[in-house]
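Student: One file: upload39.pdb (PDB, C-alpha atoms).
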```pdb
MODEL        1
ATOM      1  CA  MET A 295       2.805   5.712 -70.769
ATOM      2  CA  ARG A 296       6.204   3.986 -70.905
ATOM      3  CA  ALA A 297       6.491   0.456 -69.554
ATOM      4  CA  GLY A 298       8.092   0.257 -66.122
ATOM      5  CA  VAL A 299       7.695   3.962 -65.450
ATOM      6  CA  MET A 300       6.086   5.049 -62.175
ATOM      7  CA  ARG A 301       3.621   7.919 -62.511
ATOM      8  CA  VAL A 302       3.357  10.513 -59.727
ATOM      9  CA  LEU A 303       0.825  13.220 -58.905
ATOM     10  CA  VAL A 304       2.385  16.079 -56.893
ATOM     11  CA  VAL A 305      -0.004  17.953 -54.572
ATOM     12  CA  ASP A 306       1.312  21.035 -52.768
ATOM     13  CA  ASP A 307      -0.057  24.573 -52.518
ATOM     14  CA  HIS A 308       3.382  26.228 -52.502
ATOM     15  CA  PRO A 309       4.558  26.794 -56.105
ATOM     16  CA  VAL A 310       8.249  26.808 -55.180
ATOM     17  CA  VAL A 311       7.969  23.462 -53.386
ATOM     18  CA  ARG A 312       5.756  21.952 -56.080
ATOM     19  CA  ASP A 313       8.022  23.068 -58.916
ATOM     20  CA  GLY A 314      11.103  21.883 -57.055
ATOM     21  CA  VAL A 315       9.639  18.417 -56.572
ATOM     22  CA  VAL A 316       8.574  18.208 -60.215
ATOM     23  CA  THR A 317      12.104  19.187 -61.275
ATOM     24  CA  ALA A 318      13.716  16.680 -58.898
ATOM     25  CA  LEU A 319      11.480  13.842 -60.085
ATOM     26  CA  GLY A 320      12.224  14.754 -63.686
ATOM     27  CA  ARG A 321      15.825  13.665 -63.122
ATOM     28  CA  HIS A 322      14.717  10.046 -62.616
ATOM     29  CA  SER A 323      14.260   8.161 -65.880
ATOM     30  CA  ASP A 324      11.870   5.636 -64.310
ATOM     31  CA  ILE A 325       9.567   8.273 -62.762
ATOM     32  CA  GLU A 326       7.095  10.468 -64.633
ATOM     33  CA  VAL A 327       5.134  13.391 -63.190
ATOM     34  CA  ALA A 328       1.567  12.682 -64.288
ATOM     35  CA  GLY A 329       0.325  16.024 -63.036
ATOM     36  CA  HIS A 330       0.264  18.440 -60.137
ATOM     37  CA  ALA A 331      -2.329  20.270 -58.055
ATOM     38  CA  ALA A 332      -2.405  23.086 -55.516
ATOM     39  CA  ASP A 333      -5.521  22.121 -53.560
ATOM     40  CA  ALA A 334      -7.714  19.171 -52.605
ATOM     41  CA  ALA A 335     -10.306  19.701 -55.325
ATOM     42  CA  GLY A 336      -7.625  19.817 -58.007
ATOM     43  CA  ALA A 337      -5.894  16.786 -56.529
ATOM     44  CA  VAL A 338      -9.034  14.647 -56.585
ATOM     45  CA  ALA A 339      -9.840  15.686 -60.160
ATOM     46  CA  ALA A 340      -6.282  15.012 -61.358
ATOM     47  CA  CYS A 341      -6.147  11.684 -59.530
ATOM     48  CA  ALA A 342      -9.403  10.555 -61.138
ATOM     49  CA  ARG A 343      -8.134  11.609 -64.563
ATOM     50  CA  GLU A 344      -4.526  10.376 -64.403
ATOM     51  CA  ARG A 345      -4.762   7.345 -62.074
ATOM     52  CA  PRO A 346      -1.160   7.785 -60.859
ATOM     53  CA  ASP A 347       0.819   5.075 -59.117
ATOM     54  CA  VAL A 348       1.724   7.468 -56.287
ATOM     55  CA  VAL A 349       0.203  10.689 -54.975
ATOM     56  CA  LEU A 350       2.690  12.886 -53.101
ATOM     57  CA  LEU A 351       0.328  14.794 -50.793
ATOM     58  CA  ASP A 352       1.103  17.883 -48.731
ATOM     59  CA  LEU A 353      -0.203  17.685 -45.165
ATOM     60  CA  ARG A 354      -2.034  21.027 -45.266
ATOM     61  CA  LEU A 355      -3.908  22.348 -48.285
ATOM     62  CA  PRO A 356      -5.925  25.576 -48.508
ATOM     63  CA  ASP A 357      -9.280  23.821 -48.888
ATOM     64  CA  ALA A 358      -8.842  20.650 -46.805
ATOM     65  CA  LEU A 359      -6.662  18.695 -44.432
ATOM     66  CA  ALA A 360      -4.805  15.651 -45.721
ATOM     67  CA  ALA A 361      -6.745  13.286 -43.451
ATOM     68  CA  ASP A 362      -9.925  14.280 -45.288
ATOM     69  CA  VAL A 363      -8.340  14.181 -48.750
ATOM     70  CA  VAL A 364      -6.850  10.670 -48.604
ATOM     71  CA  PRO A 365     -10.217   8.826 -48.647
ATOM     72  CA  ARG A 366     -11.363  10.987 -51.574
ATOM     73  CA  LEU A 367      -8.228  10.146 -53.553
ATOM     74  CA  ARG A 368      -8.593   6.447 -52.824
ATOM     75  CA  ALA A 369     -12.248   6.554 -53.844
ATOM     76  CA  VAL A 370     -11.502   7.907 -57.338
ATOM     77  CA  SER A 371      -8.340   5.845 -57.887
ATOM     78  CA  PRO A 372      -8.156   2.811 -55.560
ATOM     79  CA  ALA A 373      -4.821   1.627 -56.972
ATOM     80  CA  SER A 374      -3.051   4.922 -56.259
ATOM     81  CA  ARG A 375      -0.891   5.018 -53.140
ATOM     82  CA  VAL A 376      -0.759   8.217 -51.114
ATOM     83  CA  LEU A 377       2.566   9.304 -49.633
ATOM     84  CA  LEU A 378       2.326  12.128 -47.102
ATOM     85  CA  PHE A 379       4.742  14.993 -47.742
ATOM     86  CA  THR A 380       5.395  17.485 -44.936
ATOM     87  CA  ALA A 381       7.955  19.719 -43.289
ATOM     88  CA  PHE A 382       6.387  18.910 -39.893
ATOM     89  CA  PRO A 383       6.584  15.157 -39.158
ATOM     90  CA  GLU A 384       5.600  15.834 -35.532
ATOM     91  CA  HIS A 385       2.348  17.576 -36.536
ATOM     92  CA  SER A 386      -0.833  16.272 -34.886
ATOM     93  CA  ALA A 387      -2.421  15.784 -38.321
ATOM     94  CA  VAL A 388       0.112  13.115 -39.319
ATOM     95  CA  ALA A 389      -1.355  10.197 -37.368
ATOM     96  CA  PRO A 390      -4.970  10.724 -38.552
ATOM     97  CA  THR A 391      -3.717  10.977 -42.135
ATOM     98  CA  LEU A 392      -1.842   7.693 -41.857
ATOM     99  CA  ALA A 393      -4.904   6.145 -40.264
ATOM    100  CA  ALA A 394      -6.996   7.425 -43.198
ATOM    101  CA  GLY A 395      -4.876   5.416 -45.618
ATOM    102  CA  ALA A 396      -1.632   7.240 -46.419
ATOM    103  CA  VAL A 397       1.120   4.630 -46.778
ATOM    104  CA  GLY A 398       3.975   6.599 -45.251
ATOM    105  CA  LEU A 399       5.596   9.939 -44.535
ATOM    106  CA  LEU A 400       8.345  11.742 -46.413
ATOM    107  CA  VAL A 401       9.882  14.883 -44.913
ATOM    108  CA  LYS A 402      10.215  17.854 -47.277
ATOM    109  CA  ASP A 403      13.941  18.304 -46.688
ATOM    110  CA  ALA A 404      14.608  14.937 -48.354
ATOM    111  CA  SER A 405      17.164  14.940 -51.160
ATOM    112  CA  GLY A 406      16.217  14.215 -54.748
ATOM    113  CA  VAL A 407      17.738  10.743 -54.391
ATOM    114  CA  VAL A 408      15.678   9.978 -51.284
ATOM    115  CA  LEU A 409      12.570  11.372 -52.978
ATOM    116  CA  GLY A 410      13.037   9.061 -55.951
ATOM    117  CA  ASP A 411      13.721   6.056 -53.731
ATOM    118  CA  ALA A 412      10.588   6.810 -51.702
ATOM    119  CA  ILE A 413       8.425   6.925 -54.840
ATOM    120  CA  ARG A 414       9.877   3.607 -56.041
ATOM    121  CA  GLN A 415       9.336   1.951 -52.675
ATOM    122  CA  VAL A 416       5.711   3.074 -52.509
ATOM    123  CA  ALA A 417       4.984   2.079 -56.114
ATOM    124  CA  ARG A 418       6.555  -1.354 -55.714
ATOM    125  CA  THR A 419       5.606  -2.309 -52.158
ATOM    126  CA  GLY A 420       2.604  -0.127 -51.303
ATOM    127  CA  ALA A 421       4.368   1.330 -48.262
ATOM    128  CA  TYR A 422       7.204   3.624 -47.231
ATOM    129  CA  ARG A 423       9.329   2.973 -44.163
ATOM    130  CA  GLY A 424      11.673   5.920 -44.429
ATOM    131  CA  ALA A 425      10.205   7.863 -41.500
ATOM    132  CA  ALA A 426       9.383   6.160 -38.236
ATOM    133  CA  VAL A 427       5.954   7.458 -37.302
ATOM    134  CA  ASP A 428       3.558   5.629 -35.023
ATOM    135  CA  ALA A 429      -0.011   5.894 -36.337
ATOM    136  CA  ALA A 430      -1.268   5.715 -32.743
ATOM    137  CA  GLY A 431       0.412   8.995 -31.856
ATOM    138  CA  VAL A 432       3.105  11.460 -32.759
ATOM    139  CA  ALA A 433       5.851  12.362 -30.337
ATOM    140  CA  GLY A 434       5.693  15.972 -29.311
ATOM    141  CA  ALA A 435       2.218  16.563 -30.719
ATOM    142  CA  PRO A 436       0.213  19.065 -28.640
ATOM    143  CA  VAL A 437      -2.981  17.030 -29.033
ATOM    144  CA  THR A 438      -3.601  13.311 -29.432
ATOM    145  CA  PRO A 439      -4.867  11.856 -32.723
ATOM    146  CA  ARG A 440      -8.385  11.397 -31.334
ATOM    147  CA  GLU A 441      -8.409  14.923 -29.905
ATOM    148  CA  TYR A 442      -7.329  16.118 -33.331
ATOM    149  CA  ASP A 443     -10.248  14.243 -34.941
ATOM    150  CA  VAL A 444     -12.643  16.074 -32.632
ATOM    151  CA  LEU A 445     -10.892  19.405 -33.225
ATOM    152  CA  ARG A 446     -11.144  19.269 -37.016
ATOM    153  CA  LEU A 447     -14.838  18.338 -36.834
ATOM    154  CA  VAL A 448     -15.454  21.241 -34.459
ATOM    155  CA  ALA A 449     -13.683  23.487 -36.968
ATOM    156  CA  ALA A 450     -15.987  22.112 -39.679
ATOM    157  CA  GLY A 451     -18.977  23.319 -37.660
ATOM    158  CA  HIS A 452     -20.292  20.022 -36.279
ATOM    159  CA  THR A 453     -22.065  19.763 -32.928
ATOM    160  CA  ASN A 454     -20.907  17.383 -30.206
ATOM    161  CA  GLY A 455     -23.731  15.018 -31.113
ATOM    162  CA  GLU A 456     -22.762  15.002 -34.788
ATOM    163  CA  ILE A 457     -19.109  14.474 -33.891
ATOM    164  CA  GLY A 458     -20.076  11.564 -31.661
ATOM    165  CA  GLU A 459     -22.019   9.938 -34.478
ATOM    166  CA  ARG A 460     -19.171  10.324 -36.966
ATOM    167  CA  LEU A 461     -16.480   9.081 -34.568
ATOM    168  CA  ARG A 462     -18.725   6.565 -32.779
ATOM    169  CA  LEU A 463     -18.224   8.238 -29.430
ATOM    170  CA  SER A 464     -20.688   9.207 -26.722
ATOM    171  CA  PRO A 465     -21.489  12.931 -26.345
ATOM    172  CA  ASN A 466     -19.760  12.952 -22.957
ATOM    173  CA  THR A 467     -16.611  11.456 -24.454
ATOM    174  CA  VAL A 468     -16.630  14.075 -27.207
ATOM    175  CA  LYS A 469     -17.051  16.766 -24.559
ATOM    176  CA  THR A 470     -14.059  15.358 -22.653
ATOM    177  CA  TYR A 471     -11.852  15.349 -25.739
ATOM    178  CA  LEU A 472     -12.914  18.880 -26.610
ATOM    179  CA  HIS A 473     -12.264  20.040 -23.049
ATOM    180  CA  ASN A 474      -8.756  18.548 -23.228
ATOM    181  CA  VAL A 475      -8.050  20.325 -26.522
ATOM    182  CA  MET A 476      -9.346  23.629 -25.144
ATOM    183  CA  ARG A 477      -7.147  23.261 -22.077
ATOM    184  CA  LYS A 478      -4.052  22.461 -24.159
ATOM    185  CA  LEU A 479      -4.693  25.371 -26.515
ATOM    186  CA  ASP A 480      -5.679  27.783 -23.751
ATOM    187  CA  ALA A 481      -9.152  28.358 -25.212
ATOM    188  CA  ARG A 482     -12.414  29.179 -23.420
ATOM    189  CA  ASN A 483     -14.908  28.369 -26.176
ATOM    190  CA  ARG A 484     -15.270  26.701 -29.569
ATOM    191  CA  ALA A 485     -14.476  29.841 -31.550
ATOM    192  CA  GLN A 486     -11.308  30.457 -29.570
ATOM    193  CA  VAL A 487     -10.130  26.857 -29.830
ATOM    194  CA  ILE A 488     -10.419  27.089 -33.630
ATOM    195  CA  THR A 489      -8.532  30.384 -33.673
ATOM    196  CA  ASN A 490      -5.807  29.073 -31.387
ATOM    197  CA  ALA A 491      -5.530  25.809 -33.310
ATOM    198  CA  ARG A 492      -4.930  27.760 -36.502
ATOM    199  CA  ALA A 493      -2.333  29.873 -34.738
ATOM    200  CA  HIS A 494      -0.548  26.658 -33.743
ATOM    201  CA  GLY A 495      -0.706  25.342 -37.306
ATOM    202  CA  LEU A 496      -3.146  22.554 -36.436
ATOM    203  CA  LEU A 497      -5.823  23.643 -38.910
TER
ENDMDL
END
```
As C-alpha coordinates, what does this structure read like?

Tutor:
Amino acid sequence: MRAGVMRVLVVDDHPVVRDGVVTALGRHSDIEVAGHAADAAGAVAACARERPDVVLLDLRLPDALAADVVPRLRAVSPASRVLLFTAFPEHSAVAPTLAAGAVGLLVKDASGVVLGDAIRQVARTGAYRGAAVDAAGVAGAPVTPREYDVLRLVAAGHTNGEIGERLRLSPNTVKTYLHNVMRKLDARNRAQVITNARAHGLL
(Lines of atoms letter the chains of each structure in order from A and count residues from 1; the text may use other names and numbers.)
(Lines give C-alpha, C1' and ligand atoms only; values in the text may rest on other atoms or scores of the structure.)
Protein backbone atom coordinates (compact mmCIF):
# COMPACT_ATOMS: atom_id res chain seq x y z
CA MET A 1 0.00 0.00 0.00
CA ARG A 2 1.40 3.40 -1.01
CA ALA A 3 1.73 6.08 1.65
CA GLY A 4 -0.98 8.72 1.51
CA VAL A 5 -3.21 6.66 -0.76
CA MET A 6 -6.85 6.17 0.24
CA ARG A 7 -8.16 2.65 -0.30
CA VAL A 8 -11.78 2.13 -1.38
CA LEU A 9 -14.07 -0.90 -1.49
CA VAL A 10 -16.82 -0.52 -4.13
CA VAL A 11 -20.07 -2.40 -3.41
CA ASP A 12 -22.76 -2.41 -6.09
CA ASP A 13 -24.70 -5.26 -7.70
CA HIS A 14 -24.85 -3.62 -11.14
CA PRO A 15 -21.69 -4.48 -13.12
CA VAL A 16 -21.92 -1.40 -15.34
CA VAL A 17 -22.15 0.93 -12.35
CA ARG A 18 -19.47 -0.94 -10.40
CA ASP A 19 -17.04 -0.99 -13.32
CA GLY A 20 -17.70 2.66 -14.07
CA VAL A 21 -16.91 3.67 -10.50
CA VAL A 22 -13.74 1.57 -10.46
CA THR A 23 -12.64 3.22 -13.72
CA ALA A 24 -13.44 6.72 -12.43
CA LEU A 25 -11.55 6.15 -9.18
CA GLY A 26 -8.60 4.78 -11.13
CA ARG A 27 -8.05 8.26 -12.58
CA HIS A 28 -7.16 9.63 -9.12
CA SER A 29 -3.53 9.04 -8.19
CA ASP A 30 -4.25 9.27 -4.45
CA ILE A 31 -7.12 6.74 -4.50
CA GLU A 32 -6.78 2.98 -4.88
CA VAL A 33 -9.62 0.50 -5.39
CA ALA A 34 -8.92 -2.18 -2.79
CA GLY A 35 -11.65 -4.43 -4.11
CA HIS A 36 -15.27 -4.66 -5.17
CA ALA A 37 -18.32 -6.76 -4.33
CA ALA A 38 -21.78 -7.36 -5.75
CA ASP A 39 -23.63 -8.36 -2.58
CA ALA A 40 -23.59 -7.98 1.20
CA ALA A 41 -21.81 -11.26 1.91
CA GLY A 42 -19.03 -10.40 -0.52
CA ALA A 43 -18.79 -6.88 0.86
CA VAL A 44 -18.35 -8.04 4.45
CA ALA A 45 -15.73 -10.62 3.43
CA ALA A 46 -13.80 -8.09 1.32
CA CYS A 47 -14.00 -5.45 4.04
CA ALA A 48 -12.62 -7.87 6.64
CA ARG A 49 -9.81 -8.86 4.28
CA GLU A 50 -8.84 -5.46 2.85
CA ARG A 51 -9.68 -3.05 5.71
CA PRO A 52 -10.36 -0.16 3.30
CA ASP A 53 -10.45 3.48 4.35
CA VAL A 54 -13.83 3.95 2.65
CA VAL A 55 -16.61 1.58 1.61
CA LEU A 56 -18.80 2.94 -1.19
CA LEU A 57 -22.05 1.07 -0.50
CA ASP A 58 -25.07 0.76 -2.79
CA LEU A 59 -28.38 1.31 -1.00
CA ARG A 60 -30.00 -1.92 -2.23
CA LEU A 61 -28.17 -5.21 -2.63
CA PRO A 62 -29.66 -8.56 -3.69
CA ASP A 63 -29.12 -10.22 -0.31
CA ALA A 64 -29.57 -7.34 2.16
CA LEU A 65 -30.51 -3.72 2.67
CA ALA A 66 -27.77 -1.19 3.36
CA ALA A 67 -29.12 -0.43 6.85
CA ASP A 68 -28.42 -4.05 7.80
CA VAL A 69 -25.03 -4.19 6.07
CA VAL A 70 -23.43 -1.11 7.66
CA PRO A 71 -23.17 -2.60 11.19
CA ARG A 72 -21.65 -5.78 9.73
CA LEU A 73 -19.02 -3.79 7.84
CA ARG A 74 -18.17 -1.74 10.92
CA ALA A 75 -17.90 -4.90 13.01
CA VAL A 76 -15.24 -6.47 10.77
CA SER A 77 -13.36 -3.22 10.06
CA PRO A 78 -14.13 -0.50 12.65
CA ALA A 79 -11.83 2.05 11.01
CA SER A 80 -13.56 1.83 7.63
CA ARG A 81 -16.03 4.60 6.83
CA VAL A 82 -19.17 3.74 4.89
CA LEU A 83 -20.41 6.18 2.25
CA LEU A 84 -23.89 5.46 0.93
CA PHE A 85 -24.14 5.42 -2.86
CA THR A 86 -27.58 5.64 -4.47
CA ALA A 87 -29.58 6.95 -7.39
CA PHE A 88 -32.52 7.57 -5.03
CA PRO A 89 -31.56 10.07 -2.28
CA GLU A 90 -35.24 10.40 -1.32
CA HIS A 91 -35.61 6.65 -0.67
CA SER A 92 -37.05 5.67 2.72
CA ALA A 93 -34.04 3.41 3.35
CA VAL A 94 -31.61 6.35 3.40
CA ALA A 95 -32.36 7.63 6.90
CA PRO A 96 -32.12 4.21 8.62
CA THR A 97 -28.82 3.58 6.82
CA LEU A 98 -27.38 6.88 8.03
CA ALA A 99 -28.65 6.09 11.51
CA ALA A 100 -26.91 2.69 11.30
CA GLY A 101 -23.56 4.40 10.83
CA ALA A 102 -23.09 5.48 7.21
CA VAL A 103 -21.22 8.80 7.21
CA GLY A 104 -22.94 10.43 4.26
CA LEU A 105 -24.73 10.08 0.94
CA LEU A 106 -23.36 10.38 -2.58
CA VAL A 107 -25.78 10.38 -5.52
CA LYS A 108 -24.87 8.07 -8.41
CA ASP A 109 -24.98 10.80 -11.05
CA ALA A 110 -21.96 12.48 -9.42
CA SER A 111 -19.04 13.26 -11.72
CA GLY A 112 -15.69 11.55 -11.37
CA VAL A 113 -14.30 14.71 -9.78
CA VAL A 114 -17.08 14.84 -7.19
CA LEU A 115 -16.66 11.11 -6.54
CA GLY A 116 -12.96 11.55 -5.83
CA ASP A 117 -13.56 14.58 -3.62
CA ALA A 118 -16.20 12.65 -1.66
CA ILE A 119 -13.80 9.76 -1.02
CA ARG A 120 -11.10 12.17 0.16
CA GLN A 121 -13.49 14.01 2.45
CA VAL A 122 -14.70 10.78 4.05
CA ALA A 123 -11.18 9.37 4.45
CA ARG A 124 -9.84 12.57 5.99
CA THR A 125 -12.76 13.80 8.09
CA GLY A 126 -14.93 10.72 8.67
CA ALA A 127 -17.97 12.42 7.13
CA TYR A 128 -19.40 13.66 3.85
CA ARG A 129 -21.51 16.80 3.61
CA GLY A 130 -22.14 16.81 -0.11
CA ALA A 131 -25.81 15.81 0.09
CA ALA A 132 -28.13 17.43 2.59
CA VAL A 133 -30.07 14.55 4.10
CA ASP A 134 -31.72 14.69 7.50
CA ALA A 135 -31.25 11.39 9.35
CA ALA A 136 -34.58 11.98 11.10
CA GLY A 137 -36.48 11.77 7.83
CA VAL A 138 -36.28 12.05 4.09
CA ALA A 139 -38.37 14.53 2.17
CA GLY A 140 -40.83 12.84 -0.10
CA ALA A 141 -40.39 9.40 1.43
CA PRO A 142 -43.63 7.37 1.40
CA VAL A 143 -42.94 5.97 4.88
CA THR A 144 -41.12 7.40 7.88
CA PRO A 145 -37.78 5.96 9.03
CA ARG A 146 -39.39 4.17 11.97
CA GLU A 147 -42.16 2.78 9.76
CA TYR A 148 -39.43 1.57 7.43
CA ASP A 149 -37.68 -0.19 10.34
CA VAL A 150 -40.90 -2.05 11.10
CA LEU A 151 -41.49 -2.82 7.41
CA ARG A 152 -38.10 -4.42 6.84
CA LEU A 153 -38.47 -6.57 9.97
CA VAL A 154 -41.91 -7.68 8.80
CA ALA A 155 -40.33 -8.59 5.46
CA ALA A 156 -37.71 -10.60 7.36
CA GLY A 157 -40.51 -12.68 8.90
CA HIS A 158 -40.56 -11.30 12.45
CA THR A 159 -43.73 -11.14 14.54
CA ASN A 160 -44.97 -7.91 16.10
CA GLY A 161 -43.62 -9.05 19.46
CA GLU A 162 -40.18 -9.78 18.02
CA ILE A 163 -40.16 -6.44 16.21
CA GLY A 164 -41.08 -4.68 19.44
CA GLU A 165 -38.20 -6.33 21.26
CA ARG A 166 -35.68 -5.42 18.57
CA LEU A 167 -36.85 -1.81 18.23
CA ARG A 168 -37.75 -1.38 21.92
CA LEU A 169 -41.36 -0.61 21.12
CA SER A 170 -44.59 -1.89 22.64
CA PRO A 171 -46.63 -4.38 20.56
CA ASN A 172 -49.37 -1.78 20.16
CA THR A 173 -46.90 0.78 18.85
CA VAL A 174 -45.55 -1.76 16.36
CA LYS A 175 -49.11 -2.50 15.28
CA THR A 176 -49.73 1.23 14.76
CA TYR A 177 -46.62 1.65 12.63
CA LEU A 178 -47.50 -1.42 10.58
CA HIS A 179 -51.06 -0.17 10.11
CA ASN A 180 -49.70 3.17 8.85
CA VAL A 181 -47.40 1.42 6.38
CA MET A 182 -50.23 -0.81 5.14
CA ARG A 183 -52.45 2.22 4.65
CA LYS A 184 -49.76 4.13 2.74
CA LEU A 185 -48.99 1.13 0.53
CA ASP A 186 -52.63 0.17 0.05
CA ALA A 187 -52.13 -3.28 1.59
CA ARG A 188 -54.61 -5.43 3.53
CA ASN A 189 -52.22 -7.92 5.13
CA ARG A 190 -48.55 -8.61 5.82
CA ALA A 191 -47.97 -10.52 2.60
CA GLN A 192 -49.48 -7.74 0.51
CA VAL A 193 -47.54 -5.00 2.29
CA ILE A 194 -44.30 -6.84 1.46
CA THR A 195 -45.34 -7.27 -2.16
CA ASN A 196 -46.38 -3.64 -2.49
CA ALA A 197 -43.25 -2.41 -0.74
CA ARG A 198 -41.12 -4.29 -3.25
CA ALA A 199 -43.17 -2.84 -6.09
CA HIS A 200 -42.41 0.63 -4.72
CA GLY A 201 -38.70 -0.16 -4.45
CA LEU A 202 -38.70 -0.09 -0.65
CA LEU A 203 -37.39 -3.64 -0.23

Student: Which residues match the PyMOL selection byres ((chain A and resi 472) around 9) in the file above, as a list in words?

Tutor: Glu441, Val444, Leu445, Val448, Asn454, Thr467, Val468, Lys469, Thr470, Tyr471, His473, Asn474, Val475, Met476, Arg477 and Arg484 of chain A

Student: Here is a test: counting all atoms listed in the file, which residue of A:Ser464, A:Thr380, A:Gln486, A:Gln415 is nearest to A:Val397?

Tutor: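 Closest to A:Val397 of all the choices is A:Gln415.
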
Student: So how far away is atom CA of A:Leu353 from atom CA of A:Thr391, in Å?

Tutor: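 Going from atom CA of A:Thr391 over to atom CA of A:Leu353 covers 8.2 Å.
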
Student: Would you mind listing what lies within 8 Å of stretch 327-341 of chain A as a ChimeraX atom specification, with only C-alpha atoms counted and same-chain residues fewer than 4 positions away left out?

Tutor: /A:301-309,312,316,319-320,345-346,349,355-358,363,366-367,370-371

Student: For the file shown, what are the residues hit by the PyMOL selection byres ((chain A and resi 376) around 7), laid out as a list of chain:residue names?

Tutor: A:Val348, A:Val349, A:Leu350, A:Leu351, A:Ser374, A:Arg375, A:Leu377, A:Leu378, A:Ala396, A:Val397

Student: Applying the PyMOL selection byres ((chain A and resi 446) around 10) to the file I just gave you, which residues come out? Please list them as a list in words.

Tutor: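 Output from the PyMOL selection byres ((chain A and resi 446) around 10), applied to this file: Leu359, Ala361, Asp362, Ala387, Glu441, Tyr442, Asp443, Val444, Leu445, Leu447, Val448, Ala449, Ala450, Gly451, His452, Ile457, Ile488, Ala491, Leu496 and Leu497 of chain A.
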
Student: Hey, could you patch up stretch 393-404 of chain A with all heavy atoms and hand it over as a PDB file, in the frame of the given file?

Tutor:
```pdb
ATOM      1  N   ALA A 393      -3.769   7.007 -40.570  1.00  0.00           N
ATOM      2  CA  ALA A 393      -4.904   6.145 -40.264  1.00  0.00           C
ATOM      3  C   ALA A 393      -5.950   6.172 -41.374  1.00  0.00           C
ATOM      4  O   ALA A 393      -6.669   5.193 -41.598  1.00  0.00           O
ATOM      5  CB  ALA A 393      -5.537   6.575 -38.939  1.00  0.00           C
ATOM      6  N   ALA A 394      -6.018   7.293 -42.107  1.00  0.00           N
ATOM      7  CA  ALA A 394      -6.996   7.425 -43.198  1.00  0.00           C
ATOM      8  C   ALA A 394      -6.564   6.673 -44.452  1.00  0.00           C
ATOM      9  O   ALA A 394      -7.365   6.512 -45.374  1.00  0.00           O
ATOM     10  CB  ALA A 394      -7.203   8.900 -43.534  1.00  0.00           C
ATOM     11  N   GLY A 395      -5.297   6.218 -44.483  1.00  0.00           N
ATOM     12  CA  GLY A 395      -4.876   5.416 -45.618  1.00  0.00           C
ATOM     13  C   GLY A 395      -3.590   5.820 -46.305  1.00  0.00           C
ATOM     14  O   GLY A 395      -3.164   5.164 -47.256  1.00  0.00           O
ATOM     15  N   ALA A 396      -2.940   6.900 -45.854  1.00  0.00           N
ATOM     16  CA  ALA A 396      -1.632   7.240 -46.419  1.00  0.00           C
ATOM     17  C   ALA A 396      -0.649   6.130 -46.055  1.00  0.00           C
ATOM     18  O   ALA A 396      -0.715   5.562 -44.965  1.00  0.00           O
ATOM     19  CB  ALA A 396      -1.144   8.582 -45.873  1.00  0.00           C
ATOM     20  N   VAL A 397       0.264   5.802 -46.973  1.00  0.00           N
ATOM     21  CA  VAL A 397       1.120   4.630 -46.778  1.00  0.00           C
ATOM     22  C   VAL A 397       2.465   4.955 -46.146  1.00  0.00           C
ATOM     23  O   VAL A 397       3.274   4.066 -45.907  1.00  0.00           O
ATOM     24  CB  VAL A 397       1.343   3.892 -48.110  1.00  0.00           C
ATOM     25  CG1 VAL A 397       0.025   3.416 -48.686  1.00  0.00           C
ATOM     26  CG2 VAL A 397       2.087   4.776 -49.107  1.00  0.00           C
ATOM     27  N   GLY A 398       2.715   6.231 -45.874  1.00  0.00           N
ATOM     28  CA  GLY A 398       3.975   6.599 -45.251  1.00  0.00           C
ATOM     29  C   GLY A 398       4.155   8.097 -45.233  1.00  0.00           C
ATOM     30  O   GLY A 398       3.286   8.853 -45.679  1.00  0.00           O
ATOM     31  N   LEU A 399       5.301   8.520 -44.710  1.00  0.00           N
ATOM     32  CA  LEU A 399       5.596   9.939 -44.535  1.00  0.00           C
ATOM     33  C   LEU A 399       6.983  10.246 -45.070  1.00  0.00           C
ATOM     34  O   LEU A 399       7.953   9.560 -44.737  1.00  0.00           O
ATOM     35  CB  LEU A 399       5.529  10.292 -43.044  1.00  0.00           C
ATOM     36  CG  LEU A 399       6.111  11.645 -42.623  1.00  0.00           C
ATOM     37  CD1 LEU A 399       5.215  12.767 -43.110  1.00  0.00           C
ATOM     38  CD2 LEU A 399       6.267  11.708 -41.108  1.00  0.00           C
ATOM     39  N   LEU A 400       7.063  11.266 -45.912  1.00  0.00           N
ATOM     40  CA  LEU A 400       8.345  11.742 -46.413  1.00  0.00           C
ATOM     41  C   LEU A 400       8.501  13.197 -45.988  1.00  0.00           C
ATOM     42  O   LEU A 400       7.611  14.017 -46.214  1.00  0.00           O
ATOM     43  CB  LEU A 400       8.401  11.632 -47.947  1.00  0.00           C
ATOM     44  CG  LEU A 400       9.708  12.110 -48.597  1.00  0.00           C
ATOM     45  CD1 LEU A 400      10.864  11.193 -48.196  1.00  0.00           C
ATOM     46  CD2 LEU A 400       9.560  12.138 -50.120  1.00  0.00           C
ATOM     47  N   VAL A 401       9.629  13.522 -45.379  1.00  0.00           N
ATOM     48  CA  VAL A 401       9.882  14.883 -44.913  1.00  0.00           C
ATOM     49  C   VAL A 401      10.376  15.732 -46.081  1.00  0.00           C
ATOM     50  O   VAL A 401      11.134  15.271 -46.937  1.00  0.00           O
ATOM     51  CB  VAL A 401      10.915  14.883 -43.766  1.00  0.00           C
ATOM     52  CG1 VAL A 401      11.177  16.306 -43.281  1.00  0.00           C
ATOM     53  CG2 VAL A 401      10.408  14.029 -42.612  1.00  0.00           C
ATOM     54  N   LYS A 402       9.950  16.994 -46.123  1.00  0.00           N
ATOM     55  CA  LYS A 402      10.215  17.854 -47.277  1.00  0.00           C
ATOM     56  C   LYS A 402      11.685  18.210 -47.484  1.00  0.00           C
ATOM     57  O   LYS A 402      12.044  18.671 -48.567  1.00  0.00           O
ATOM     58  CB  LYS A 402       9.384  19.140 -47.187  1.00  0.00           C
ATOM     59  CG  LYS A 402       7.914  18.920 -47.507  1.00  0.00           C
ATOM     60  CD  LYS A 402       7.162  20.232 -47.617  1.00  0.00           C
ATOM     61  CE  LYS A 402       5.718  20.003 -48.026  1.00  0.00           C
ATOM     62  NZ  LYS A 402       4.954  21.262 -48.162  1.00  0.00           N
ATOM     63  N   ASP A 403      12.530  17.993 -46.483  1.00  0.00           N
ATOM     64  CA  ASP A 403      13.941  18.304 -46.688  1.00  0.00           C
ATOM     65  C   ASP A 403      14.702  17.124 -47.295  1.00  0.00           C
ATOM     66  O   ASP A 403      15.925  17.133 -47.388  1.00  0.00           O
ATOM     67  CB  ASP A 403      14.603  18.771 -45.394  1.00  0.00           C
ATOM     68  CG  ASP A 403      14.592  17.705 -44.298  1.00  0.00           C
ATOM     69  OD1 ASP A 403      14.109  16.586 -44.545  1.00  0.00           O
ATOM     70  OD2 ASP A 403      15.066  18.007 -43.189  1.00  0.00           O
ATOM     71  N   ALA A 404      13.970  16.102 -47.741  1.00  0.00           N
ATOM     72  CA  ALA A 404      14.608  14.937 -48.354  1.00  0.00           C
ATOM     73  C   ALA A 404      15.319  15.334 -49.646  1.00  0.00           C
ATOM     74  O   ALA A 404      14.863  16.216 -50.378  1.00  0.00           O
ATOM     75  CB  ALA A 404      13.564  13.864 -48.648  1.00  0.00           C
TER      76      ALA A 404
END
```
